[in-house]
$ cat upload.cif   # mmCIF, C-alpha atoms and all ligand atoms
data_upload
loop_
_atom_site.label_atom_id
_atom_site.label_comp_id
_atom_site.auth_asym_id
_atom_site.auth_seq_id
_atom_site.Cartn_x
_atom_site.Cartn_y
_atom_site.Cartn_z
CA MET N 1 -21.51 22.29 84.50
CA SER N 2 -20.28 22.28 88.11
CA SER N 3 -18.95 19.12 89.71
CA GLU N 4 -21.65 19.48 92.37
CA THR N 5 -24.33 19.33 89.68
CA ASN N 6 -22.69 16.34 88.08
CA ARG N 7 -22.67 14.66 91.47
CA ARG N 8 -26.35 15.46 92.04
CA LEU N 9 -27.21 14.21 88.57
CA PHE N 10 -25.22 11.06 89.13
CA ILE N 11 -26.96 10.26 92.39
CA SER N 12 -30.47 11.17 91.27
CA ASN N 13 -30.23 9.29 88.01
CA GLY N 14 -28.07 6.40 89.12
CA ILE N 15 -30.86 4.13 90.24
CA LYS N 16 -33.07 4.97 87.30
CA LEU N 17 -30.20 4.43 84.88
CA ALA N 18 -29.41 1.08 86.43
CA ALA N 19 -33.00 0.00 85.91
CA ALA N 20 -32.98 1.26 82.34
CA SER N 21 -29.72 -0.54 81.59
CA ALA N 22 -31.09 -3.77 83.00
CA ALA N 23 -34.01 -3.45 80.64
CA ALA N 24 -31.63 -3.07 77.73
CA PRO N 25 -28.75 -5.44 78.47
CA LEU N 26 -27.24 -5.13 75.00
CA LEU N 27 -26.53 -1.46 75.56
CA SER N 28 -23.71 -1.78 78.02
CA SER N 29 -22.41 1.79 78.30
CA CYS N 30 -24.47 4.74 79.44
CA SER N 31 -23.22 7.00 76.69
CA THR N 32 -24.02 4.39 74.05
CA PHE N 33 -27.49 4.16 75.52
CA ASP N 34 -27.85 7.93 75.31
CA GLU N 35 -26.61 7.99 71.75
CA TYR N 36 -28.95 5.18 70.81
CA LEU N 37 -32.02 6.95 72.19
CA PHE N 38 -30.98 10.40 71.05
CA GLU N 39 -30.20 9.51 67.49
CA ASP N 40 -32.93 6.98 66.94
CA SER N 41 -34.65 9.38 64.58
CA PHE N 42 -33.50 12.39 62.62
CA TYR N 43 -37.05 13.13 61.58
CA LEU N 44 -38.83 14.93 64.39
CA LYS N 45 -42.42 15.38 63.41
CA ASP N 46 -43.82 16.28 66.78
CA GLN N 47 -40.76 17.41 68.68
CA VAL N 48 -39.42 20.93 68.89
CA VAL N 49 -35.77 21.41 67.98
CA ILE N 50 -34.25 24.11 70.19
CA ALA N 51 -30.92 25.57 69.09
CA GLY N 52 -29.15 27.32 71.99
CA GLY N 53 -28.79 26.26 75.63
CA GLY N 54 -28.81 29.59 77.46
CA ILE N 55 -31.52 30.36 80.01
CA SER N 56 -34.06 31.06 77.26
CA GLY N 57 -33.50 27.70 75.51
CA LEU N 58 -33.61 25.83 78.82
CA PHE N 59 -36.74 27.58 80.03
CA LEU N 60 -38.43 26.96 76.69
CA ALA N 61 -37.61 23.26 77.04
CA GLN N 62 -39.06 23.18 80.54
CA SER N 63 -42.21 25.01 79.43
CA LEU N 64 -42.67 22.65 76.48
CA ARG N 65 -42.31 19.65 78.73
CA ARG N 66 -44.94 21.13 81.00
CA ASN N 67 -47.22 21.41 77.96
CA LYS N 68 -46.46 17.72 77.24
CA MET N 69 -44.44 18.57 74.14
CA GLY N 70 -41.24 16.73 73.19
CA PHE N 71 -38.02 18.63 72.46
CA LYS N 72 -34.39 18.21 71.58
CA LEU N 73 -32.05 20.96 72.72
CA PHE N 74 -28.71 21.57 71.01
CA GLU N 75 -26.06 23.75 72.61
CA GLY N 76 -23.15 24.78 70.41
CA SER N 77 -20.54 25.15 73.16
CA ALA N 78 -19.34 22.67 75.76
CA ARG N 79 -21.49 24.11 78.52
CA ILE N 80 -25.07 25.00 79.26
CA GLY N 81 -25.91 28.53 80.47
CA GLY N 82 -24.68 31.00 77.83
CA ARG N 83 -24.29 34.40 79.42
CA ILE N 84 -24.75 32.91 82.89
CA GLN N 85 -21.54 31.63 84.37
CA SER N 86 -20.36 31.49 87.98
CA SER N 87 -17.45 30.12 89.90
CA LYS N 88 -17.08 29.97 93.68
CA GLN N 89 -20.15 32.19 94.17
CA VAL N 90 -18.81 34.88 91.85
CA ASP N 91 -20.87 35.60 88.76
CA TYR N 92 -19.06 36.31 85.55
CA GLY N 93 -22.23 36.92 83.58
CA ALA N 94 -25.69 37.81 84.84
CA SER N 95 -25.72 38.21 88.60
CA ILE N 96 -28.83 40.00 89.82
CA TYR N 97 -32.54 40.18 89.15
CA ARG N 98 -35.24 42.59 90.14
CA SER N 99 -37.86 42.07 92.79
CA ASP N 100 -40.51 42.62 90.10
CA ASP N 101 -39.06 39.85 87.87
CA GLU N 102 -42.04 37.58 88.45
CA LEU N 103 -41.06 34.65 86.19
CA LEU N 104 -37.57 34.50 87.59
CA LYS N 105 -38.75 34.66 91.19
CA LYS N 106 -41.20 31.85 90.52
CA LEU N 107 -38.51 29.72 88.89
CA VAL N 108 -36.06 30.33 91.74
CA LYS N 109 -38.72 29.18 94.18
CA GLU N 110 -39.68 26.15 92.12
CA LEU N 111 -36.05 25.03 91.80
CA GLU N 112 -35.56 25.66 95.54
CA LEU N 113 -32.57 27.94 95.01
CA ALA N 114 -31.25 30.06 97.87
CA SER N 115 -31.55 33.77 97.15
CA ALA N 116 -30.95 36.96 99.12
CA PRO N 117 -31.78 40.64 98.68
CA LEU N 118 -29.03 42.88 97.43
CA ASP N 119 -30.95 46.07 98.10
CA LYS N 120 -34.60 47.16 98.07
CA SER N 121 -35.19 46.23 94.45
CA HIS N 122 -32.62 43.56 93.54
CA LEU N 123 -31.90 39.96 94.50
CA PHE N 124 -29.07 37.54 93.84
CA LEU N 125 -28.52 33.79 94.15
CA ILE N 126 -26.29 32.84 97.01
CA ALA N 127 -24.53 30.00 95.16
CA GLY N 128 -24.16 32.18 92.05
CA MET N 129 -26.48 32.63 89.08
CA GLN N 130 -25.21 29.43 87.47
CA ASP N 131 -27.14 27.56 90.14
CA LEU N 132 -30.22 28.52 88.10
CA THR N 133 -29.09 26.95 84.81
CA ASP N 134 -27.48 23.95 86.53
CA ARG N 135 -30.65 23.13 88.42
CA LEU N 136 -32.90 23.78 85.46
CA PHE N 137 -30.78 21.40 83.40
CA GLU N 138 -30.90 18.86 86.20
CA HIS N 139 -34.71 19.02 86.12
CA LEU N 140 -34.75 18.64 82.35
CA ALA N 141 -32.29 15.76 82.30
CA GLY N 142 -34.91 13.20 83.28
CA LEU N 143 -34.38 9.47 83.11
CA ILE N 144 -31.51 9.42 80.62
CA VAL N 145 -29.26 12.39 81.24
CA TYR N 146 -28.48 13.34 77.65
CA ARG N 147 -31.64 11.91 76.13
CA SER N 148 -32.93 15.29 75.00
CA VAL N 149 -29.95 17.62 75.35
CA ARG N 150 -26.70 17.68 73.42
CA LEU N 151 -23.61 19.81 74.07
CA ARG N 152 -21.12 20.76 71.32
CA TRP N 153 -23.83 20.52 68.70
CA LYS N 154 -23.58 23.79 66.83
CA ALA N 155 -26.27 24.71 64.33
CA ILE N 156 -24.46 25.64 61.12
CA ALA N 157 -27.11 25.57 58.40
CA ILE N 158 -30.87 25.78 58.14
CA GLN N 159 -33.19 25.43 55.19
CA LYS N 160 -36.91 25.14 54.81
CA ILE N 161 -38.38 22.42 52.65
CA ASN N 162 -42.15 22.76 52.40
CA GLU N 163 -43.39 22.80 55.98
CA PHE N 164 -40.20 21.26 57.44
CA HIS N 165 -36.99 22.80 58.70
CA GLU N 166 -33.79 20.94 57.97
CA VAL N 167 -31.15 21.87 60.53
CA GLU N 168 -27.52 20.84 60.14
CA PHE N 169 -25.23 20.60 63.16
CA ASP N 170 -21.50 20.42 63.58
CA THR N 171 -20.95 17.75 66.26
CA PRO N 172 -17.97 15.94 67.80
CA ARG N 173 -18.94 13.00 65.58
CA GLY N 174 -19.23 14.99 62.39
CA ARG N 175 -22.18 16.61 60.67
CA ARG N 176 -25.72 15.63 61.62
CA THR N 177 -29.01 16.83 60.16
CA PHE N 178 -32.41 16.92 61.83
CA VAL N 179 -35.65 17.47 59.99
CA THR N 180 -38.32 19.07 62.11
CA LYS N 181 -41.63 20.80 61.78
CA LYS N 182 -41.07 22.92 64.87
CA LEU N 183 -37.94 24.95 65.37
CA ALA N 184 -36.93 27.45 68.07
CA LEU N 185 -33.88 29.60 67.63
CA ALA N 186 -32.52 30.51 71.09
CA ILE N 187 -29.32 32.02 69.75
CA PRO N 188 -28.43 35.70 70.06
CA PRO N 189 -28.47 37.83 66.88
CA SER N 190 -24.68 38.20 67.11
CA GLN N 191 -24.48 34.53 66.08
CA TRP N 192 -27.07 34.49 63.33
CA ALA N 193 -24.63 35.23 60.56
CA SER N 194 -22.75 32.00 61.31
CA ILE N 195 -25.78 29.89 60.38
CA GLN N 196 -25.94 29.36 56.66
CA GLY N 197 -29.35 29.81 55.11
CA LEU N 198 -30.92 31.41 58.19
CA GLY N 199 -31.41 34.71 56.41
CA ASP N 200 -33.17 32.94 53.57
CA LEU N 201 -35.92 31.54 55.79
CA PRO N 202 -39.14 33.35 54.99
CA GLU N 203 -39.66 33.83 58.73
CA MET N 204 -36.35 35.65 59.14
CA LYS N 205 -36.48 37.96 56.15
CA ASN N 206 -37.41 41.17 57.94
CA ALA N 207 -35.56 40.31 61.10
CA MET N 208 -32.23 39.81 59.32
CA THR N 209 -32.48 43.06 57.39
CA TRP N 210 -33.37 44.87 60.54
CA ALA N 211 -30.71 43.25 62.73
CA GLU N 212 -27.97 44.36 60.34
CA SER N 213 -28.82 47.99 60.93
CA LEU N 214 -28.67 47.76 64.69
CA ARG N 215 -26.08 49.48 66.75
CA ARG N 216 -23.32 47.52 68.35
CA GLU N 217 -22.96 47.36 72.06
CA ASN N 218 -20.79 45.50 74.43
CA THR N 219 -20.87 44.77 78.12
CA VAL N 220 -17.84 44.16 80.24
CA LYS N 221 -17.74 42.95 83.77
CA VAL N 222 -14.88 43.87 86.07
CA ILE N 223 -14.33 42.05 89.30
CA LEU N 224 -12.20 43.59 92.01
CA THR N 225 -10.85 41.57 94.91
CA SER N 226 -11.56 42.59 98.50
CA GLN N 227 -8.20 44.31 98.81
CA GLN N 228 -8.82 46.27 95.64
CA GLN N 229 -12.29 47.13 96.81
CA TYR N 230 -10.88 48.62 99.99
CA VAL N 231 -8.34 50.68 98.07
CA THR N 232 -10.90 51.90 95.56
CA ALA N 233 -13.92 52.48 97.80
CA ALA N 234 -13.98 56.27 97.36
CA PRO N 235 -13.13 56.55 93.64
CA ILE N 236 -15.78 54.00 92.82
CA LYS N 237 -18.45 56.45 93.95
CA ASN N 238 -17.11 59.00 91.50
CA LEU N 239 -17.26 56.49 88.72
CA MET N 240 -20.84 55.58 89.34
CA PHE N 241 -22.74 57.66 86.81
CA PHE N 242 -19.87 58.57 84.63
CA GLU N 243 -20.47 58.95 80.92
CA ASP N 244 -18.25 60.13 78.14
CA GLU N 245 -18.71 60.19 74.42
CA SER N 246 -18.31 56.44 74.04
CA LEU N 247 -18.85 54.76 77.39
CA GLN N 248 -21.65 54.59 79.87
CA VAL N 249 -21.49 52.95 83.29
CA ARG N 250 -24.54 50.77 83.44
CA GLN N 251 -24.36 49.25 86.85
CA ILE N 252 -22.25 49.03 89.92
CA VAL N 253 -23.14 46.25 92.27
CA LYS N 254 -21.93 45.30 95.68
CA LYS N 255 -23.06 41.78 96.14
CA ASN N 256 -23.88 42.09 99.83
CA LYS N 257 -22.65 43.79 102.95
CA SER N 258 -19.74 41.44 103.42
CA SER N 259 -19.01 41.44 99.72
CA THR N 260 -15.50 40.85 98.56
CA TRP N 261 -15.99 42.08 95.06
CA ILE N 262 -17.68 44.63 92.87
CA GLU N 263 -19.07 44.43 89.38
CA ILE N 264 -19.07 47.20 86.87
CA ASP N 265 -20.94 46.91 83.60
CA PHE N 266 -20.35 49.29 80.75
CA LYS N 267 -21.96 49.78 77.43
CA SER N 268 -21.18 51.81 74.39
CA ASN N 269 -23.16 54.95 73.65
CA THR N 270 -21.92 55.21 70.14
CA ALA N 271 -23.87 53.72 67.28
CA GLY N 272 -21.74 51.30 65.32
CA ALA N 273 -18.93 51.38 67.87
CA SER N 274 -17.53 48.45 69.74
CA ILE N 275 -15.65 48.48 73.02
CA GLU N 276 -12.27 46.91 73.35
CA ILE N 277 -11.79 45.27 76.70
CA GLU N 278 -8.35 46.85 77.14
CA LYS N 279 -9.91 50.25 76.66
CA ILE N 280 -12.26 49.52 79.55
CA ASN N 281 -9.39 48.35 81.69
CA ASP N 282 -7.45 51.56 81.02
CA PHE N 283 -10.54 53.63 81.67
CA ILE N 284 -11.09 52.08 85.09
CA LYS N 285 -7.50 52.43 86.09
CA ARG N 286 -7.46 56.05 85.02
CA LYS N 287 -10.74 56.94 86.71
CA MET N 288 -9.98 55.11 89.92
CA LYS N 289 -6.33 56.04 89.96
CA ILE N 290 -5.31 52.43 90.44
CA THR N 291 -2.28 50.66 89.09
CA PHE N 292 -2.98 46.98 89.66
CA ASN N 293 -4.65 44.69 87.17
CA VAL N 294 -8.36 44.10 87.56
CA ASN N 295 -9.93 40.77 86.74
CA LYS N 296 -12.04 41.44 83.76
CA MET N 297 -14.57 39.38 81.96
CA SER N 298 -16.26 40.31 78.75
CA SER N 299 -18.64 38.48 76.53
CA GLU N 300 -15.62 37.73 74.35
CA ASN N 301 -13.98 35.80 77.15
CA TYR N 302 -16.77 33.54 78.11
CA PHE N 303 -18.91 33.22 75.04
CA ASP N 304 -16.21 33.23 72.48
CA TRP N 305 -18.01 36.01 70.72
CA ASN N 306 -16.21 38.77 68.93
CA ARG N 307 -18.89 41.30 69.58
CA VAL N 308 -22.19 41.30 71.35
CA ARG N 309 -25.05 42.97 69.58
CA LEU N 310 -28.03 43.71 71.68
CA ILE N 311 -31.22 44.63 69.99
CA GLN N 312 -34.46 46.10 71.16
CA GLY N 313 -36.96 43.46 72.07
CA SER N 314 -39.94 45.67 71.48
CA ALA N 315 -39.28 45.73 67.74
CA PHE N 316 -38.79 42.00 67.78
CA THR N 317 -42.18 41.37 69.21
CA SER N 318 -43.86 43.62 66.69
CA PRO N 319 -45.64 41.92 63.79
CA LEU N 320 -44.43 44.80 61.58
CA VAL N 321 -40.78 43.82 61.98
CA PHE N 322 -41.26 40.15 62.62
CA PRO N 323 -44.48 38.95 60.98
CA GLU N 324 -43.96 35.32 61.96
CA ILE N 325 -44.05 36.13 65.65
CA LYS N 326 -47.22 34.10 66.02
CA SER N 327 -45.99 31.11 64.06
CA ASN N 328 -46.61 27.70 65.56
CA SER N 329 -43.69 26.14 63.70
CA PHE N 330 -40.88 28.69 64.08
CA GLN N 331 -39.99 30.90 67.03
CA VAL N 332 -37.08 33.19 67.85
CA VAL N 333 -36.28 33.20 71.56
CA GLY N 334 -33.91 35.18 73.75
CA ASP N 335 -33.46 38.22 75.94
CA PHE N 336 -33.53 40.45 72.85
CA ALA N 337 -36.99 39.17 71.94
CA SER N 338 -38.81 40.46 74.99
CA ALA N 339 -40.83 43.64 74.68
CA LEU N 340 -41.07 44.35 78.38
CA LYS N 341 -37.62 43.51 79.73
CA PRO N 342 -35.16 43.13 76.87
CA GLN N 343 -31.53 42.29 77.62
CA SER N 344 -32.28 40.70 80.96
CA LEU N 345 -32.88 37.26 82.42
CA GLU N 346 -36.53 38.04 82.96
CA GLY N 347 -36.83 39.06 79.30
CA ALA N 348 -35.27 35.76 78.24
CA LEU N 349 -37.85 33.87 80.32
CA GLN N 350 -40.71 35.97 78.95
CA SER N 351 -39.76 35.26 75.36
CA ALA N 352 -39.39 31.53 76.06
CA LEU N 353 -42.80 31.34 77.66
CA ARG N 354 -44.39 33.11 74.72
CA ALA N 355 -42.66 30.78 72.26
CA ALA N 356 -43.79 27.71 74.21
CA GLU N 357 -47.42 28.82 73.87
CA PHE N 358 -47.16 29.05 70.09
CA LEU N 359 -45.18 25.84 69.65
CA SER N 360 -47.39 23.69 71.87
C1 LIG G 401 -21.60 40.73 81.60
C2 LIG G 401 -23.09 40.57 81.63
C3 LIG G 401 -23.79 40.81 82.80
C4 LIG G 401 -25.16 40.68 82.84
N1 LIG G 401 -25.82 40.92 84.01
C5 LIG G 401 -27.15 40.71 84.09
C6 LIG G 401 -27.83 40.83 85.33
O1 LIG G 401 -27.22 41.11 86.37
N2 LIG G 401 -29.18 40.61 85.35
C7 LIG G 401 -29.89 40.28 84.22
O2 LIG G 401 -31.12 40.09 84.30
N3 LIG G 401 -29.26 40.11 83.03
C8 LIG G 401 -27.91 40.32 82.94
N4 LIG G 401 -27.26 40.12 81.75
C9 LIG G 401 -28.05 39.67 80.60
C10 LIG G 401 -28.34 38.16 80.70
O3 LIG G 401 -27.15 37.46 80.93
C11 LIG G 401 -28.97 37.70 79.40
O4 LIG G 401 -30.15 38.45 79.19
C12 LIG G 401 -29.39 36.21 79.39
O5 LIG G 401 -28.42 35.38 79.97
C13 LIG G 401 -29.62 35.83 77.92
O6 LIG G 401 -29.98 34.46 77.84
P1 LIG G 401 -30.28 33.82 76.42
O7 LIG G 401 -30.62 32.40 76.63
O8 LIG G 401 -31.25 34.65 75.68
O9 LIG G 401 -28.91 33.95 75.59
P2 LIG G 401 -27.48 33.31 75.89
O10 LIG G 401 -27.23 33.20 77.34
O11 LIG G 401 -26.52 34.11 75.08
O12 LIG G 401 -27.60 31.82 75.30
C14 LIG G 401 -27.45 31.53 73.94
C15 LIG G 401 -26.81 30.15 73.82
O13 LIG G 401 -26.77 29.78 72.43
C16 LIG G 401 -25.54 29.12 72.19
N5 LIG G 401 -25.27 29.19 70.76
C17 LIG G 401 -24.77 30.21 70.05
N6 LIG G 401 -24.68 29.88 68.74
C18 LIG G 401 -25.13 28.61 68.64
C19 LIG G 401 -25.31 27.72 67.54
N7 LIG G 401 -25.00 28.05 66.28
N8 LIG G 401 -25.82 26.47 67.79
C20 LIG G 401 -26.17 26.09 69.03
N9 LIG G 401 -26.01 26.91 70.12
C21 LIG G 401 -25.51 28.15 69.91
C22 LIG G 401 -24.55 29.89 73.05
O14 LIG G 401 -23.38 29.12 73.28
C23 LIG G 401 -25.36 30.12 74.31
O15 LIG G 401 -25.22 29.08 75.24
C24 LIG G 401 -25.87 40.27 81.68
C25 LIG G 401 -25.18 40.00 80.50
C26 LIG G 401 -23.80 40.14 80.46
C27 LIG G 401 -23.06 39.85 79.17
#

$ encode --input "upload.cif" --output "structure tokens"
Amino acid sequence: MSSETNRRLFISNGIKLAAASAAAPLLSSCSTFDEYLFEDSFYLKDQVVIAGGGISGLFLAQSLRRNKMGFKLFEGSARIGGRIQSSKQVDYGASIYRSDDELLKKLVKELELASAPLDKSHLFLIAGMQDLTDRLFEHLAGLIVYRSVRLRWKAIAIQKINEFHEVEFDTPRGRRTFVTKKLALAIPPSQWASIQGLGDLPEMKNAMTWAESLRRENTVKVILTSQQQYVTAAPIKNLMFFEDESLQVRQIVKKNKSSTWIEIDFKSNTAGASIEIEKINDFIKRKMKITFNVNKMSSENYFDWNRVRLIQGSAFTSPLVFPEIKSNSFQVVGDFASALKPQSLEGALQSALRAAEFLS
């Protein structure tokens, strides 16, 4: 989370925290207070446990709160946002959205984020896309900052006992287990295999079998500095719609007219293949006839994933593949689980909204 967000959180919650601490004089430190409230019960009858703190998990939490439902959100890594990450206005993950992305546009307006058009059909956030997840988290934080959200709590095992889900987490303080009726999995399929017992859940039976057979893809983002952009202006045009047997250029984006950098996303065309980031680097250098190093960012770098598997949302929203789609106790959420706009921010929001309706 950015220092600016921490500062905003500190100011906005400072007075409220002071009042809360005064009401509970025995709990002298803020973190102890958080721990006390967070861990007061490991049995969550009426609260939804959300595993995964990307945009889909966060938006689900916000939608549940709107529906007056309680939640606890657990993010496995040390930061909120998942595939959204920005630094100094440069996006290393998602960076643009479409002018017909209605949920995203509404959220941007609601959170009062500054946006600008990139071209006729795309927009971007001026402070970087991470502004979205930072501000959403800030809204969710509420009275006690970490009352409902925990970082570095990685779901490692799930089992179903009658109508309850027992979810085990690896945390900085050791293993913790929550028992809950309502569970939302906001974790990409590439991570499912690391959760013991997930495939044995009756709700996941078809989905797991199906996910195994999916093709592998990977997306890499390359960021060129202004100097490099100047040098490569002409060759970049040639690269634009290039395809060969294994690579496809998905997107080339100039952030705005005075942009100082360019993004290039690739994906694999080959079923079962994965893209090595060095291969991409070599490809760009060869195609653009450049010799300098480009700054490159792949899902491996910022999500600590070995591979990213993207799957078709339409199948995931089909009762044939995923019969529990309408379950009011278990939901799978994420960009891959959107029928209309899979693999995008808008898709992630759509799936979260749908899940919130069933869980509320
Ligand atoms: C390079 C790149 C560029 C992109 N550009 C765009 C773009 O311009 N526009 C667009 O619309 N989309 C873009 N996308 C897609 C967009 O980023 C995703 O659709 C969206 O961020 C997915 O959000 P999510 O919440 O579903 O998943 P994620 O963001 O992947 O969030 C999942 C979260 O779950 C956490 N997690 C994983 N395992 C566990 C566990 N066991 N326990 C607890 N937590 C766990 C992860 O740490 C992560 O925070 C891009 C993606 C990439 C990779």

$ residues_around --input "upload.cif" --residues "Val333 of chain N" --least-positions-apart "4" --cutoff "10 Å" --atoms "all atoms listed in the file" --output "PyMOL selection string"
chain N and resi 50-52+56-57+60+184-188+316+337-338+347-356

$ write_last_selection --input "upload.cif" --atoms "C-alpha atoms" --output "mmCIF file, in the coordinates of the input"
data_model
loop_
_atom_site.group_PDB
_atom_site.id
_atom_site.type_symbol
_atom_site.label_atom_id
_atom_site.label_comp_id
_atom_site.auth_asym_id
_atom_site.auth_seq_id
_atom_site.Cartn_x
_atom_site.Cartn_y
_atom_site.Cartn_z
ATOM 1 C CA ILE N 50 -34.250 24.110 70.190
ATOM 2 C CA ALA N 51 -30.920 25.570 69.090
ATOM 3 C CA GLY N 52 -29.150 27.320 71.990
ATOM 4 C CA SER N 56 -34.060 31.060 77.260
ATOM 5 C CA GLY N 57 -33.500 27.700 75.510
ATOM 6 C CA LEU N 60 -38.430 26.960 76.690
ATOM 7 C CA ALA N 184 -36.930 27.450 68.070
ATOM 8 C CA LEU N 185 -33.880 29.600 67.630
ATOM 9 C CA ALA N 186 -32.520 30.510 71.090
ATOM 10 C CA ILE N 187 -29.320 32.020 69.750
ATOM 11 C CA PRO N 188 -28.430 35.700 70.060
ATOM 12 C CA PHE N 316 -38.790 42.000 67.780
ATOM 13 C CA ALA N 337 -36.990 39.170 71.940
ATOM 14 C CA SER N 338 -38.810 40.460 74.990
ATOM 15 C CA GLY N 347 -36.830 39.060 79.300
ATOM 16 C CA ALA N 348 -35.270 35.760 78.240
ATOM 17 C CA LEU N 349 -37.850 33.870 80.320
ATOM 18 C CA GLN N 350 -40.710 35.970 78.950
ATOM 19 C CA SER N 351 -39.760 35.260 75.360
ATOM 20 C CA ALA N 352 -39.390 31.530 76.060
ATOM 21 C CA LEU N 353 -42.800 31.340 77.660
ATOM 22 C CA ARG N 354 -44.390 33.110 74.720
ATOM 23 C CA ALA N 355 -42.660 30.780 72.260
ATOM 24 C CA ALA N 356 -43.790 27.710 74.210
#

$ atom_distance --input "upload.cif" --atom1 "atom CA of Ala61 of chain N" --atom2 "atom CA of Glu357 of chain N"
11.7 Å

$ atom_distance --input "upload.cif" --atom1 "atom P1 of ligand LIG 401 (chain G)" --atom2 "atom CA of Glu324 of chain N"
20.0 Å

$ residues_near_ligand --input "upload.cif" --ligand "ligand LIG 401 (chain G)" --cutoff "6 Å" --atoms "all atoms listed in the file" --output "PDB file with C-alpha atoms, keeping the file's coordinate frame"
ATOM      1  CA  ALA N  51     -30.920  25.570  69.090  1.00  0.00           C
ATOM      2  CA  GLY N  52     -29.150  27.320  71.990  1.00  0.00           C
ATOM      3  CA  GLY N  53     -28.790  26.260  75.630  1.00  0.00           C
ATOM      4  CA  GLY N  54     -28.810  29.590  77.460  1.00  0.00           C
ATOM      5  CA  ILE N  55     -31.520  30.360  80.010  1.00  0.00           C
ATOM      6  CA  SER N  56     -34.060  31.060  77.260  1.00  0.00           C
ATOM      7  CA  GLY N  57     -33.500  27.700  75.510  1.00  0.00           C
ATOM      8  CA  PHE N  74     -28.710  21.570  71.010  1.00  0.00           C
ATOM      9  CA  GLU N  75     -26.060  23.750  72.610  1.00  0.00           C
ATOM     10  CA  GLY N  76     -23.150  24.780  70.410  1.00  0.00           C
ATOM     11  CA  SER N  77     -20.540  25.150  73.160  1.00  0.00           C
ATOM     12  CA  ILE N  80     -25.070  25.000  79.260  1.00  0.00           C
ATOM     13  CA  GLY N  81     -25.910  28.530  80.470  1.00  0.00           C
ATOM     14  CA  GLY N  82     -24.680  31.000  77.830  1.00  0.00           C
ATOM     15  CA  ARG N  83     -24.290  34.400  79.420  1.00  0.00           C
ATOM     16  CA  ILE N  84     -24.750  32.910  82.890  1.00  0.00           C
ATOM     17  CA  GLY N  93     -22.230  36.920  83.580  1.00  0.00           C
ATOM     18  CA  ALA N  94     -25.690  37.810  84.840  1.00  0.00           C
ATOM     19  CA  SER N  95     -25.720  38.210  88.600  1.00  0.00           C
ATOM     20  CA  ILE N  96     -28.830  40.000  89.820  1.00  0.00           C
ATOM     21  CA  TYR N  97     -32.540  40.180  89.150  1.00  0.00           C
ATOM     22  CA  LYS N 154     -23.580  23.790  66.830  1.00  0.00           C
ATOM     23  CA  ALA N 155     -26.270  24.710  64.330  1.00  0.00           C
ATOM     24  CA  ILE N 156     -24.460  25.640  61.120  1.00  0.00           C
ATOM     25  CA  ALA N 186     -32.520  30.510  71.090  1.00  0.00           C
ATOM     26  CA  ILE N 187     -29.320  32.020  69.750  1.00  0.00           C
ATOM     27  CA  PRO N 188     -28.430  35.700  70.060  1.00  0.00           C
ATOM     28  CA  GLN N 191     -24.480  34.530  66.080  1.00  0.00           C
ATOM     29  CA  THR N 219     -20.870  44.770  78.120  1.00  0.00           C
ATOM     30  CA  VAL N 220     -17.840  44.160  80.240  1.00  0.00           C
ATOM     31  CA  LYS N 221     -17.740  42.950  83.770  1.00  0.00           C
ATOM     32  CA  SER N 299     -18.640  38.480  76.530  1.00  0.00           C
ATOM     33  CA  GLY N 334     -33.910  35.180  73.750  1.00  0.00           C
ATOM     34  CA  ASP N 335     -33.460  38.220  75.940  1.00  0.00           C
ATOM     35  CA  GLN N 343     -31.530  42.290  77.620  1.00  0.00           C
ATOM     36  CA  SER N 344     -32.280  40.700  80.960  1.00  0.00           C
ATOM     37  CA  LEU N 345     -32.880  37.260  82.420  1.00  0.00           C
ATOM     38  CA  GLU N 346     -36.530  38.040  82.960  1.00  0.00           C
ATOM     39  CA  ALA N 348     -35.270  35.760  78.240  1.00  0.00           C
TER      40      ALA N 348
END

$ atom_distance --input "upload.cif" --atom1 "atom CA of Pro323 of chain N" --atom2 "atom CA of Glu203 of chain N"
7.4 Å

$ closest_residue --input "upload.cif" --among "N:Ser99, N:Thr171, N:Gln85, N:Asn162" --to "Thr133 of chain N" --atoms "only C-alpha atoms"
N:Gln85

$ closest_residue --input "upload.cif" --among "N:Leu359, N:Val108, N:Val179, N:Ala127" --to "Leu44 of chain N" --atoms "only C-alpha atoms"
N:Val179

$ closest_residue --input "upload.cif" --among "N:Lys341, N:Lys181, N:Lys45, N:Arg135" --to "Leu107 of chain N" --atoms "all atoms listed in the file"
N:Arg135

$ closest_residue --input "upload.cif" --among "N:Ala157, N:Met129, N:Leu64, N:Val167" --to "Ser194 of chain N" --atoms "only C-alpha atoms"
N:Ala157

$ closest_residue --input "upload.cif" --among "N:Ala141, N:Leu118, N:Met204, N:Leu104" --to "Lys160 of chain N" --atoms "all atoms listed in the file"
N:Met204
